[in-house]
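One structure is given here, and the rest of the page talks about it.
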Amino acid sequence: MVRDSDGVGDVSKDHLRLLARVARMYHEQGIRQPEIAAALHLSQPRVSRLLKEAVTRGLVRTVVTLPEGVHTELEEELQRRYALRDAVVVDVEDYQDDVVPSLATAAAAYLDVTFTGGDVIGLAAWSQTLQAVVQRLPQKNVQVADRVIQLVGGVGTAGDQVRATRLIARLADLTYAHPVFVPLPGLVATAATREALLQDPDLAEVQAQWREVTVALVGIGEPASAPVRDTDRDELRAVGGVGEVCLHFFDATGKPVASDLDRRVIGIDTASFGAVGRRIAVAGGLRKLPAIRAALEGGWVNILVTDLRVARRLCS
């Protein structure tokens, strides 16, 4: 009698030899269980038990070989390190080009699988990355969302606002959802103007629906590229702002920074946004690394689609 290496129990060499033979026939030679049973004059149920025992005693160990371009281990490390619900790491072929097309393709594939029905989707519609995502999202065969809601009012030029409205409408059409628009600008001149506009009945209805969002789809921005005035950028840098989600700015640790801008934004409030169950960010490129890291540190998002270089830096 010998004790097997995993300490499961004493077993005879003859039994170990039988375990090894059955395991090799099945796993290495590809012989089916009925044929193994016939060749060794065993019952098929016993062959099945022997195969299970071979795994239990450590004679058979499963090794998963990842295909090229798949980075499951890195995705799992991102989940562990930043308490994410999920992560998707995209292998960009040529970093001399824009990472957005690769991110958008991967994000569209992810959303196509995870939009399964009944969701209320919130969308930060001015993001060029998210515009690319929605362009690649296939038409669903059945309704997979109840509503698609604009998370922030119109920002940028008149053309930008038209594109944002079309984006909300397109995502609603693809998911057979009802579109909900914010009929006001996303940034106003003064805090007093914002307070007055918040009394608008149409906006009050949208505000109530923001609290019902189950999936938020956002980008992660930075002061340099945010659709704000130069004076706002200067103030944000002065108070340590490194990134933003839905025009809510935060510092390198992910903590919100106080600024005049925050009192002029018409969009989902931080409490309602933080209560959304799935907060998906699609963001990449080393230029955005500080903003992405800060967003993760602060728990602004809990699902990330990013590129391989950024993912490696986030885990280093």
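We label chains A, B, ... in the order they appear in the structure tokens, count residues from 1 in each chain, and number ligands from 1 in the order shown.
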
Shell around Gln128 (chain A) at 12 Å using only C-alpha atoms, local window under 6 positions removed, as an MDAnalysis selection string: chainID A and resid 98:101 103:104 134:135 160 163:164 167 218:221 225:227 282:283

Residue contacts of His248 (chain A) (9 Å, only C-alpha atoms) excluding same-chain residues fewer than 6 positions away, as a PyMOL selection string: chain A and resi 256-257+261-262+265+269-270

Residues near Ala208 (chain A), cut-off 10 Å, only C-alpha atoms, skip fewer than 4 positions along chain, as a VMD selection string: chain A and resid 203 to 204 212 to 213 268 272

Produce a file of the selected residues containing all heavy atoms, as a PDB file, in the first residue's frame.
```pdb
ATOM      1  N   LEU A 203     -37.690  68.106 -16.624  1.00  0.00           N
ATOM      2  CA  LEU A 203     -36.447  67.648 -16.017  1.00  0.00           C
ATOM      3  C   LEU A 203     -36.717  66.887 -14.725  1.00  0.00           C
ATOM      4  O   LEU A 203     -36.043  65.896 -14.427  1.00  0.00           O
ATOM      5  CB  LEU A 203     -35.515  68.821 -15.741  1.00  0.00           C
ATOM      6  CG  LEU A 203     -34.160  68.432 -15.151  1.00  0.00           C
ATOM      7  CD1 LEU A 203     -33.406  67.479 -16.078  1.00  0.00           C
ATOM      8  CD2 LEU A 203     -33.306  69.668 -14.864  1.00  0.00           C
ATOM      9  N   ALA A 204     -37.719  67.317 -13.977  1.00  0.00           N
ATOM     10  CA  ALA A 204     -38.064  66.608 -12.739  1.00  0.00           C
ATOM     11  C   ALA A 204     -38.442  65.162 -13.042  1.00  0.00           C
ATOM     12  O   ALA A 204     -38.087  64.239 -12.279  1.00  0.00           O
ATOM     13  CB  ALA A 204     -39.203  67.332 -12.030  1.00  0.00           C
ATOM     14  N   GLU A 212     -33.797  55.106 -11.394  1.00  0.00           N
ATOM     15  CA  GLU A 212     -34.229  53.773 -11.798  1.00  0.00           C
ATOM     16  C   GLU A 212     -33.245  53.089 -12.747  1.00  0.00           C
ATOM     17  O   GLU A 212     -33.471  51.947 -13.163  1.00  0.00           O
ATOM     18  CB  GLU A 212     -35.604  53.864 -12.458  1.00  0.00           C
ATOM     19  CG  GLU A 212     -36.685  54.428 -11.533  1.00  0.00           C
ATOM     20  CD  GLU A 212     -37.994  54.691 -12.258  1.00  0.00           C
ATOM     21  OE1 GLU A 212     -38.054  54.459 -13.495  1.00  0.00           O
ATOM     22  OE2 GLU A 212     -38.949  55.134 -11.603  1.00  0.00           O
ATOM     23  N   VAL A 213     -32.154  53.783 -13.086  1.00  0.00           N
ATOM     24  CA  VAL A 213     -31.169  53.219 -14.005  1.00  0.00           C
ATOM     25  C   VAL A 213     -30.527  51.979 -13.397  1.00  0.00           C
ATOM     26  O   VAL A 213     -30.124  51.976 -12.231  1.00  0.00           O
ATOM     27  CB  VAL A 213     -30.080  54.270 -14.345  1.00  0.00           C
ATOM     28  CG1 VAL A 213     -28.955  53.644 -15.156  1.00  0.00           C
ATOM     29  CG2 VAL A 213     -30.693  55.434 -15.110  1.00  0.00           C
ATOM     30  N   ILE A 268     -27.166  63.518 -13.972  1.00  0.00           N
ATOM     31  CA  ILE A 268     -27.394  62.601 -12.860  1.00  0.00           C
ATOM     32  C   ILE A 268     -26.484  62.969 -11.689  1.00  0.00           C
ATOM     33  O   ILE A 268     -25.301  63.278 -11.864  1.00  0.00           O
ATOM     34  CB  ILE A 268     -27.166  61.138 -13.304  1.00  0.00           C
ATOM     35  CG1 ILE A 268     -27.597  60.161 -12.189  1.00  0.00           C
ATOM     36  CG2 ILE A 268     -25.736  60.904 -13.767  1.00  0.00           C
ATOM     37  CD1 ILE A 268     -27.625  58.712 -12.638  1.00  0.00           C
ATOM     38  N   SER A 272     -27.230  59.116  -7.058  1.00  0.00           N
ATOM     39  CA  SER A 272     -28.012  58.266  -7.967  1.00  0.00           C
ATOM     40  C   SER A 272     -27.097  57.438  -8.852  1.00  0.00           C
ATOM     41  O   SER A 272     -27.352  56.256  -9.106  1.00  0.00           O
ATOM     42  CB  SER A 272     -28.943  59.122  -8.835  1.00  0.00           C
ATOM     43  OG  SER A 272     -29.894  59.795  -8.036  1.00  0.00           O
TER      44      SER A 272
END
```

Write out as a Markdown table a residue-level contact list of region 49-89 of chain A versus region 20-38 of chain A with cut-off 8 Å: for each qualifying residue the closest pair of atoms and the distance in Å to one decimal, counting only C-alpha atoms, rows sorted by chain and residue number upward.
```
| residue | atom | partner | partner_atom | distance |
| --- | --- | --- | --- | --- |
| A:Leu50 | CA | A:Val22 | CA | 7.2 |
| A:Leu51 | CA | A:Ala23 | CA | 6.0 |
| A:Ala54 | CA | A:Ala23 | CA | 6.7 |
| A:Leu59 | CA | A:Ala20 | CA | 7.0 |
| A:Val60 | CA | A:Ala23 | CA | 7.3 |
```

Take the residues from that selection and write them out as a compact mmCIF listing (two decimals), in the first residue's frame, keeping all heavy atoms.
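What landed in result.txt:
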```txt
# COMPACT_ATOMS: atom_id res chain seq x y z
N LEU A 50 -13.68 5.78 -11.78
CA LEU A 50 -12.21 5.79 -11.80
C LEU A 50 -11.68 7.11 -12.37
O LEU A 50 -10.69 7.66 -11.87
CB LEU A 50 -11.68 4.62 -12.64
CG LEU A 50 -11.84 3.23 -12.00
CD1 LEU A 50 -11.54 2.14 -13.03
CD2 LEU A 50 -10.91 3.08 -10.79
N LEU A 51 -12.34 7.65 -13.38
CA LEU A 51 -11.92 8.93 -13.95
C LEU A 51 -12.08 10.06 -12.93
O LEU A 51 -11.21 10.94 -12.81
CB LEU A 51 -12.72 9.23 -15.21
CG LEU A 51 -12.37 8.37 -16.44
CD1 LEU A 51 -13.38 8.60 -17.55
CD2 LEU A 51 -10.95 8.71 -16.94
N ALA A 54 -9.34 9.68 -10.38
CA ALA A 54 -8.04 10.12 -10.90
C ALA A 54 -7.87 11.63 -10.74
O ALA A 54 -6.78 12.11 -10.43
CB ALA A 54 -7.90 9.71 -12.36
N LEU A 59 -3.99 12.69 -10.23
CA LEU A 59 -3.37 12.11 -11.40
C LEU A 59 -3.68 12.91 -12.66
O LEU A 59 -2.92 12.91 -13.62
CB LEU A 59 -3.83 10.66 -11.61
CG LEU A 59 -3.08 9.56 -10.81
CD1 LEU A 59 -3.41 9.66 -9.33
CD2 LEU A 59 -3.46 8.18 -11.34
N VAL A 60 -4.83 13.58 -12.63
CA VAL A 60 -5.25 14.40 -13.76
C VAL A 60 -5.43 15.83 -13.27
O VAL A 60 -6.13 16.07 -12.30
CB VAL A 60 -6.57 13.89 -14.37
CG1 VAL A 60 -7.03 14.81 -15.49
CG2 VAL A 60 -6.42 12.47 -14.88
```

Per-residue DSSP, region 41-88 of chain A, filtered to alpha helix (DSSP H), as a list in words: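 The residues of region 41-88 of chain A classed as alpha helix (DSSP H) are Gln44, Pro45, Arg46, Val47, Ser48, Arg49, Leu50, Leu51, Lys52, Glu53, Ala54, Val55, Thr56, Thr72, Glu73, Leu74, Glu75, Glu76, Glu77, Leu78, Gln79, Arg80, Arg81 and Tyr82 of chain A.
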
Closest atom pairs, residues of region 87-152 of chain A within 12 Å of region 297-303 of chain A, only C-alpha atoms, as a tab-separated table:
```
residue	atom	partner	partner_atom	distance
A:Ala87	CA	A:Ile303	CA	5.5
A:Val88	CA	A:Ile303	CA	8.1
A:Val89	CA	A:Ile303	CA	11.1
A:Ala107	CA	A:Ile303	CA	10.7
A:Tyr110	CA	A:Ile303	CA	10.8
A:Leu111	CA	A:Ile303	CA	11.3
A:Thr114	CA	A:Ile303	CA	11.8
```

With N, CA, C and O atoms retained, export the selected residues as a PDB file, in the first residue's frame.
```pdb
ATOM      1  N   ALA A  87     -14.296  42.802 -16.006  1.00  0.00           N
ATOM      2  CA  ALA A  87     -13.311  43.578 -16.755  1.00  0.00           C
ATOM      3  C   ALA A  87     -13.095  42.914 -18.100  1.00  0.00           C
ATOM      4  O   ALA A  87     -13.123  41.687 -18.208  1.00  0.00           O
ATOM      5  N   VAL A  88     -12.891  43.720 -19.110  1.00  0.00           N
ATOM      6  CA  VAL A  88     -12.591  43.239 -20.457  1.00  0.00           C
ATOM      7  C   VAL A  88     -11.313  43.943 -20.907  1.00  0.00           C
ATOM      8  O   VAL A  88     -11.267  45.176 -20.956  1.00  0.00           O
ATOM      9  N   VAL A  89     -10.287  43.159 -21.233  1.00  0.00           N
ATOM     10  CA  VAL A  89      -9.004  43.705 -21.675  1.00  0.00           C
ATOM     11  C   VAL A  89      -8.845  43.431 -23.165  1.00  0.00           C
ATOM     12  O   VAL A  89      -8.929  42.281 -23.603  1.00  0.00           O
ATOM     13  N   ALA A 107     -16.392  46.324 -26.528  1.00  0.00           N
ATOM     14  CA  ALA A 107     -17.498  46.740 -25.664  1.00  0.00           C
ATOM     15  C   ALA A 107     -18.845  46.377 -26.269  1.00  0.00           C
ATOM     16  O   ALA A 107     -19.767  45.938 -25.559  1.00  0.00           O
ATOM     17  N   TYR A 110     -19.450  42.782 -25.688  1.00  0.00           N
ATOM     18  CA  TYR A 110     -19.776  42.546 -24.272  1.00  0.00           C
ATOM     19  C   TYR A 110     -21.224  42.936 -23.983  1.00  0.00           C
ATOM     20  O   TYR A 110     -21.965  42.189 -23.336  1.00  0.00           O
ATOM     21  N   LEU A 111     -21.634  44.101 -24.462  1.00  0.00           N
ATOM     22  CA  LEU A 111     -23.001  44.558 -24.213  1.00  0.00           C
ATOM     23  C   LEU A 111     -24.017  43.674 -24.912  1.00  0.00           C
ATOM     24  O   LEU A 111     -25.111  43.427 -24.378  1.00  0.00           O
ATOM     25  N   THR A 114     -24.542  40.885 -22.542  1.00  0.00           N
ATOM     26  CA  THR A 114     -24.998  41.182 -21.175  1.00  0.00           C
ATOM     27  C   THR A 114     -26.286  41.989 -21.112  1.00  0.00           C
ATOM     28  O   THR A 114     -26.857  42.131 -20.032  1.00  0.00           O
TER      29      THR A 114
END
```

Point-to-point distance from CA of Thr62 (chain A) to CA of Leu304 (chain A), Å rounded to tenths: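 Interatomic distance here is 28.8 Å.
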
Shell of 12 Å around Thr193 (chain A), only C-alpha atoms, local chain residues under 4 positions omitted, as a list of chain:residue names: A:Leu184, A:Pro185, A:Gly186, A:Leu187, A:Val188, A:Ala189, A:Leu197, A:Leu198, A:Gln199, A:Asp200, A:Arg263, A:Arg264, A:Val265, A:Ile266

Spatial neighbours of Thr175 (chain A), max dist 6 Å, only C-alpha atoms, sep filter under 6 positions, as number ranges by chain: A: 140, 143-145

Long-range neighbours of Arg136 (chain A) as a list in words, 10 Å cut-off, only C-alpha atoms, 2 positions minimum in chain: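 Counting only the stated atoms, we get Pro101, Ala104, Thr105, Ala106, Ala107, Ala108, Ala109, Asp112, Leu130, Gln131, Ala132, Val133, Val134, Pro138 and Gln139 of chain A.
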
Closest of A:Leu247, A:Ala191, A:Ala177, A:Leu123 to Leu217 (chain A) - atom-to-atom distances counting only C-alpha atoms: A:Leu123

Atom-to-atom span, CA of Val245 (chain A) and CA of Asp232 (chain A), Å: 15.6 Å

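Separating CA of Arg85 (chain A) from CA of Gly118 (chain A) is a distance of 19.3 Å.
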
Minimum-distance residue to Leu40 (chain A), chosen among A:Leu18, A:Ala125, A:Leu137, A:Leu74 (using only C-alpha atoms):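 The closest residue to Leu40 (chain A) is A:Leu18.
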
Residue list (strand (DSSP E or B), DSSP) for region 128-312 of chain A, as number ranges by chain: A: 145-150, 152, 154, 178-180, 185, 187, 215-218, 221, 243-245, 248-250, 256, 265, 267, 278-282, 303-307
